[in-house]
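Trainee: Enclosed is the structure file target-v2.tsv (TSV, C-alpha atoms).
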chain	number	residue	atom	x	y	z
A	74	MET	CA	3.03	-9.97	34.26
A	75	SER	CA	5.87	-9.89	31.73
A	76	THR	CA	6.21	-12.75	29.29
A	77	GLY	CA	9.79	-11.84	28.39
A	78	PRO	CA	11.08	-10.42	25.12
A	79	GLU	CA	8.85	-10.45	22.11
A	80	ILE	CA	9.25	-13.52	19.96
A	81	SER	CA	10.01	-11.32	16.94
A	82	ARG	CA	13.28	-10.38	18.65
A	83	TRP	CA	14.26	-13.95	19.51
A	84	VAL	CA	17.61	-15.17	18.21
A	85	PRO	CA	19.32	-18.55	18.53
A	86	GLY	CA	20.91	-18.83	21.93
A	87	ASP	CA	18.03	-17.05	23.69
A	88	PRO	CA	15.83	-19.13	25.95
A	89	PRO	CA	13.10	-20.85	23.95
A	90	PRO	CA	9.87	-18.89	23.51
A	91	THR	CA	7.21	-19.49	26.11
A	92	PRO	CA	3.83	-20.92	25.15
A	93	MET	CA	2.37	-17.49	25.90
A	94	GLN	CA	4.82	-15.85	23.47
A	95	LEU	CA	4.04	-18.43	20.80
A	96	ASP	CA	0.30	-17.87	21.27
A	97	ALA	CA	0.83	-14.11	20.91
A	98	LEU	CA	2.86	-14.65	17.74
A	99	ALA	CA	0.17	-16.95	16.30
A	100	ALA	CA	-2.53	-14.35	17.05
A	101	ARG	CA	-0.44	-11.59	15.47
A	102	THR	CA	0.12	-13.76	12.39
A	103	ARG	CA	-3.61	-14.50	12.07
A	104	THR	CA	-4.37	-10.79	12.33
A	105	ALA	CA	-1.77	-9.94	9.67
A	106	LEU	CA	-3.04	-12.61	7.27
A	107	ALA	CA	-6.68	-11.53	7.69
A	108	TRP	CA	-5.67	-7.88	7.21
A	109	ARG	CA	-3.69	-8.70	4.06
A	110	GLU	CA	-6.64	-10.63	2.63
A	111	SER	CA	-8.97	-7.70	3.35
A	112	LEU	CA	-6.83	-5.38	1.22
A	113	THR	CA	-7.91	-7.09	-1.99
A	114	ALA	CA	-11.35	-5.50	-1.62
A	115	LEU	CA	-9.92	-1.96	-1.56
A	116	SER	CA	-9.70	0.45	-4.47
A	117	GLY	CA	-8.80	4.10	-4.70
A	118	GLU	CA	-10.55	6.85	-6.62
A	119	GLY	CA	-9.15	10.16	-7.75
A	120	GLU	CA	-10.13	13.08	-9.92
A	121	HIS	CA	-8.21	15.99	-11.37
A	122	GLU	CA	-9.68	18.68	-13.60
A	123	GLY	CA	-12.41	16.37	-14.88
A	124	VAL	CA	-10.24	13.27	-15.38
A	125	ALA	CA	-11.25	10.40	-13.08
A	126	ALA	CA	-9.14	7.35	-12.22
A	127	VAL	CA	-9.68	4.18	-10.21
A	128	VAL	CA	-6.85	1.98	-8.96
A	129	ALA	CA	-6.96	-1.58	-7.61
A	130	SER	CA	-5.54	-2.60	-4.25
A	131	SER	CA	-2.15	-3.00	-5.97
A	132	GLY	CA	-2.27	0.62	-7.11
A	133	ALA	CA	-2.65	-0.41	-10.75
A	134	LEU	CA	-5.05	1.56	-12.91
A	135	THR	CA	-8.38	-0.22	-13.44
A	136	ASP	CA	-10.53	2.57	-14.86
A	137	LEU	CA	-9.93	5.93	-16.47
A	138	LYS	CA	-12.43	8.51	-17.68
A	139	VAL	CA	-11.22	11.41	-19.83
A	140	PRO	CA	-14.13	13.59	-20.92
A	141	ASP	CA	-13.86	15.35	-24.27
A	142	ARG	CA	-13.70	18.75	-22.58
A	143	SER	CA	-10.53	17.65	-20.75
A	144	ALA	CA	-8.81	16.87	-24.05
A	145	ARG	CA	-9.29	20.33	-25.58
A	146	ASP	CA	-6.03	21.68	-24.17
A	147	GLY	CA	-3.85	19.19	-26.02
A	148	GLY	CA	-2.01	15.98	-25.29
A	149	GLU	CA	0.45	17.29	-22.71
A	150	GLU	CA	-2.37	18.69	-20.57
A	151	VAL	CA	-4.35	15.45	-20.88
A	152	SER	CA	-1.26	13.49	-19.81
A	153	ARG	CA	-0.73	15.76	-16.79
A	154	ARG	CA	-4.38	15.45	-15.77
A	155	VAL	CA	-4.31	11.66	-16.14
A	156	LEU	CA	-1.18	11.34	-13.99
A	157	GLU	CA	-2.65	13.70	-11.38
A	158	ALA	CA	-5.90	11.70	-11.28
A	159	ILE	CA	-4.00	8.43	-10.91
A	160	GLY	CA	-1.88	9.96	-8.16
A	161	ALA	CA	-5.02	11.12	-6.35
A	162	ALA	CA	-6.49	7.62	-6.62
A	163	GLN	CA	-3.29	6.09	-5.25
A	164	ARG	CA	-3.27	8.59	-2.34
A	165	ASP	CA	-6.89	7.63	-1.61
A	166	LEU	CA	-5.94	3.95	-1.66
A	167	ALA	CA	-2.91	4.55	0.57
A	168	GLU	CA	-5.05	6.33	3.16
A	169	GLN	CA	-7.54	3.45	3.14
A	170	ILE	CA	-4.68	0.98	3.67
A	171	ARG	CA	-3.28	3.09	6.53
A	172	ALA	CA	-6.70	3.27	8.18
A	173	SER	CA	-7.22	-0.47	7.85
A	174	ALA	CA	-3.76	-1.14	9.33
A	175	ARG	CA	-4.49	1.14	12.31
A	176	GLU	CA	-7.78	-0.67	12.82
A	177	ALA	CA	-6.24	-4.15	12.53
A	178	PHE	CA	-3.01	-3.61	14.49
A	179	GLY	CA	-3.72	-0.63	16.72
A	180	GLU	CA	-3.39	3.11	16.28
A	181	ASP	CA	0.18	3.35	17.62
A	182	SER	CA	1.45	-0.13	16.74
A	183	ASP	CA	4.79	-0.82	15.10
A	184	ASP	CA	2.95	-2.81	12.42
A	185	ALA	CA	0.74	0.15	11.47
A	186	ALA	CA	3.81	2.41	11.39
A	187	THR	CA	5.63	-0.07	9.14
A	188	VAL	CA	2.67	-0.17	6.75
A	189	SER	CA	2.50	3.62	6.65
A	190	ALA	CA	6.23	3.95	5.96
A	191	SER	CA	6.10	1.39	3.16
A	192	LEU	CA	3.24	3.29	1.53
A	193	GLU	CA	5.39	6.42	1.38
A	194	THR	CA	7.77	4.51	-0.89
A	195	ARG	CA	5.15	2.60	-2.85
A	196	PHE	CA	2.89	5.59	-3.53
A	197	PRO	CA	5.10	8.68	-3.24
A	198	GLY	CA	2.19	11.05	-3.88
A	199	THR	CA	2.37	11.57	-7.60
A	200	ALA	CA	1.98	9.03	-10.35
A	201	ARG	CA	4.70	8.86	-12.96
A	202	VAL	CA	5.50	7.09	-16.16
A	203	LEU	CA	8.21	4.50	-15.54
A	204	PRO	CA	11.43	4.86	-17.54
A	205	PRO	CA	11.82	2.13	-20.17
A	206	ASP	CA	14.19	-0.04	-18.11
A	207	GLU	CA	12.43	0.34	-14.75
A	208	GLY	CA	10.17	-2.57	-14.05
A	209	THR	CA	10.59	-4.15	-17.46
A	210	HIS	CA	14.11	-5.57	-17.31
A	211	VAL	CA	14.40	-8.85	-15.42
A	212	THR	CA	17.69	-10.64	-14.81
A	213	TRP	CA	17.21	-14.31	-13.96
A	214	GLY	CA	19.79	-16.06	-11.83
A	215	ARG	CA	23.40	-15.02	-11.22
Would you put the structure from the file into structure tokens?
Mentor:
Amino acid sequence: MSTGPEISRWVPGDPPPTPMQLDALAARTRTALAWRESLTALSGEGEHEGVAAVVASSGALTDLKVPDRSARDGGEEVSRRVLEAIGAAQRDLAEQIRASAREAFGEDSDDAATVSASLETRFPGTARVLPPDEGTHVTWGR
């Protein structure tokens, strides 16, 4: 039995949502909030040529191990290894987030697809050093 269009597509002028649609929206919202809360427990781990990195659920670096043997090739190589390890940790985190979204919302759900697409932007696969004005310049008001 159809309950009509999904509430997420409702616009003013449409018939008011049915109680069944509102219940479905409330359940979807509860699922999304519980899923979002569960993400705080996640962390990603990555390793590249001996350098190990751990990132928090935000993707921010929380631990970094650079053994002495990894530093023998000079600063540029250490920097490359660190960025590769961070990128690997962020890829690990992204896959955990994707898996948790599929579990929470359903394998083929629009919500899981939206999460996956947003992770492509948030964690593009390789870590990078932000340019000086990216993320540090804030303009208040306008």
Trainee: With distances taken over all atoms listed in the file, which of A:Gly86, A:Pro204, A:Gly117, A:Gly123 is nearest to A:Arg153?
Mentor: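 Of A:Gly86, A:Pro204, A:Gly117, A:Gly123, the one nearest A:Arg153, counting all atoms listed in the file, is A:Gly123.
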Trainee: Rounded to one decimal, what separation in Å do you get between atom CA of A:Glu118 and atom CA of A:Val155?
Mentor: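 Spanning atom CA of A:Glu118 to atom CA of A:Val155 is a straight-line distance of 12.4 Å.
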Trainee: For A:Arg175, which of A:Ala105, A:Ala114, A:Ile159, A:Val84 is the closest residue, counting all atoms listed in the file?
Mentor: A:Ala105
Trainee: Could you list, as a ChimeraX atom specification, every residue within 10 Å of stretch 129-144 of chain A, counting only C-alpha atoms and ignoring same-chain residues fewer than 5 positions away?
Mentor: /A:111-124,149-152,154-155,158-160,162-164,166-167,169-170,195-196,200
Trainee: Using all atoms listed in the file, find each residue in stretch 86-117 of chain A having at least one atom no more than 12 Å away from stretch 181-186 of chain A; report its shortest atom-to-atom pair and that distance in Å (one decimal), rows by chain then rising number, as a Markdown table.
Mentor:
| residue | atom | partner | partner_atom | distance |
| --- | --- | --- | --- | --- |
| A:Arg101 | CA | A:Asp184 | CA | 9.9 |
| A:Thr102 | CA | A:Asp184 | CA | 11.3 |
| A:Thr104 | CA | A:Asp184 | CA | 10.8 |
| A:Ala105 | CA | A:Asp184 | CA | 9.0 |
| A:Trp108 | CA | A:Ala185 | CA | 11.1 |
Trainee: For a quick check of understanding, using all atoms listed in the file, which of A:Ala125, A:Met93, A:Val188, A:Leu156 has the smallest distance to A:Arg171?
Mentor: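 Result for the nearest residue to A:Arg171: A:Val188.
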Trainee: Measuring atom to atom with all atoms listed in the file, identify which of A:Gly148, A:Val127, A:Phe178, A:Thr187 is nearest to A:Asp165.
Mentor: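 Looking only at the distances to A:Asp165, the closest residue turns out to be A:Val127.
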Trainee: In Å, with one decimal, what is the gap from atom CA of A:Ala174 to atom CA of A:Arg109?
Mentor: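 So the answer is 9.2 Å.
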Trainee: State, in Å with one decimal place, the distance from atom CA of A:Asp96 to atom CA of A:Leu192.
Mentor: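 Taking atom CA of A:Asp96 as the start and atom CA of A:Leu192 as the end point, the length is 29.1 Å.
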